[in-house]
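J.: To start, I am sharing the structure in question, which I have written as structure tokens.
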Amino acid sequence: MVTGQYRPSCPLAGGHEGAGIVIARGELVDDDVCKIGEAVGVTWLNGSCLACDFCQQAGEPLCLKPTLSGYSVDGTFQQYCMGKTMGLQAIAIDSGDEKKMREDMGATSFIHFAKTKNINEDVRKATRDGIGPHAAILVGVNEKPFQQAAEYDRPRGCVVVIGLRSSL
Ligand SMILES: [Zn+2]
């Protein structure tokens, strides 16, 4: 914007990322996708053409005709904003308090890693289509969860590493 390379449509509410609470939803959205009162985030990518090579190959962030929050459509610096639900599920894998993970952290499922007989099977079962999550975010520093994530993620899933051991 300073150099003039990026010229947002005006007038426009800025805000390229944001978070809030769901107060209403469309008639096609049910509790499995998004609940009233649920904490949600708004992404920079508001929409894509869904027709270009990038979109057809699950590369929507690379779309050449995107709509972008706070740039080409109103962003999150407004009291209320509308977004498309992605229906993300958060599966907590931990040894902690299931109630806290669900109520305080927003997890839709909880798997106690020390009590499960087959973590890969349980994680896949927790996803809507049963083929595993799109991504795993690892915050622990033990090696085993890294191996497990590579096994339970769906094909083309990704592993986001937040915590790292010094030996990795
Ligand atoms: Zn596209």
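Ligands are numbered from 1 in the order shown, residues from 1 within each chain, and chains are lettered A, B, ... in the order they appear in the structure tokens.
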Would you return as a ChimeraX atom specification the members of region 129-161 of chain A that DSSP assigns to strand (DSSP E) on this structure's backbone?

T.: /A:135-138,158-161

J.: Suppose we keep N, CA and C atoms; can you now write the selection as a short mmCIF file (atom, residue, chain, number, x, y, z; two decimals), in the first residue's frame?

T.:
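Result file is selection.cif:
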data_model
loop_
_atom_site.label_atom_id
_atom_site.label_comp_id
_atom_site.auth_asym_id
_atom_site.auth_seq_id
_atom_site.Cartn_x
_atom_site.Cartn_y
_atom_site.Cartn_z
N ALA A 135 -4.71 -31.77 8.42
CA ALA A 135 -3.45 -31.29 8.99
C ALA A 135 -3.35 -31.69 10.45
N ALA A 136 -2.13 -31.81 10.90
CA ALA A 136 -1.85 -32.04 12.31
C ALA A 136 -0.92 -30.93 12.77
N ILE A 137 -1.23 -30.32 13.90
CA ILE A 137 -0.37 -29.28 14.47
C ILE A 137 0.26 -29.87 15.73
N LEU A 138 1.55 -30.02 15.72
CA LEU A 138 2.26 -30.67 16.81
C LEU A 138 2.95 -29.63 17.69
N CYS A 158 -1.00 -32.29 5.84
CA CYS A 158 0.29 -31.69 6.22
C CYS A 158 0.48 -31.75 7.73
N VAL A 159 1.71 -31.66 8.13
CA VAL A 159 2.07 -31.66 9.53
C VAL A 159 2.75 -30.32 9.83
N VAL A 160 2.17 -29.59 10.76
CA VAL A 160 2.73 -28.29 11.15
C VAL A 160 3.45 -28.50 12.48
N VAL A 161 4.72 -28.20 12.50
CA VAL A 161 5.54 -28.46 13.67
C VAL A 161 5.76 -27.15 14.43
#

J.: 8 Å from ligand 1 is the threshold here; counting only C-alpha atoms and all ligand atoms, which polymer residues fall inside it? Answer as a list in words.

T.: Ser48, Cys49, Leu50, Ala51, Cys52, Asp53, Phe54, Cys55, Gln56, Gly59, Glu60, Leu62, Cys63, Leu64, Lys65 and Pro66 of chain A

J.: Which residues come within 7 Å of region 101-111 of chain A, counting only C-alpha atoms, excluding same-chain residues fewer than 6 positions away, as a PyMOL selection string?

T.: chain A and resi 89-94+126

J.: What would the file look like if the residues just selected were written as a compact mmCIF listing (two decimals), in the first residue's frame with C-alpha atoms?

T.:
# COMPACT_ATOMS: atom_id res chain seq x y z
CA GLN A 89 -12.85 -29.88 13.23
CA ALA A 90 -10.31 -29.65 16.01
CA ILE A 91 -9.28 -33.05 17.33
CA ALA A 92 -7.35 -32.69 20.58
CA ILE A 93 -4.86 -35.47 21.26
CA ASP A 94 -3.60 -35.16 24.79
CA ALA A 126 -13.01 -38.56 14.54

J.: Measuring atom to atom with only C-alpha atoms, identify which of A:Pro11, A:Gly26, A:Gly96, A:Gly87 is nearest to Asp74 (chain A).

T.: A:Pro11

J.: One decimal, Å: what's the distance from CA of Asp153 (chain A) over to CA of Pro133 (chain A), could you say?

T.: 5.1 Å
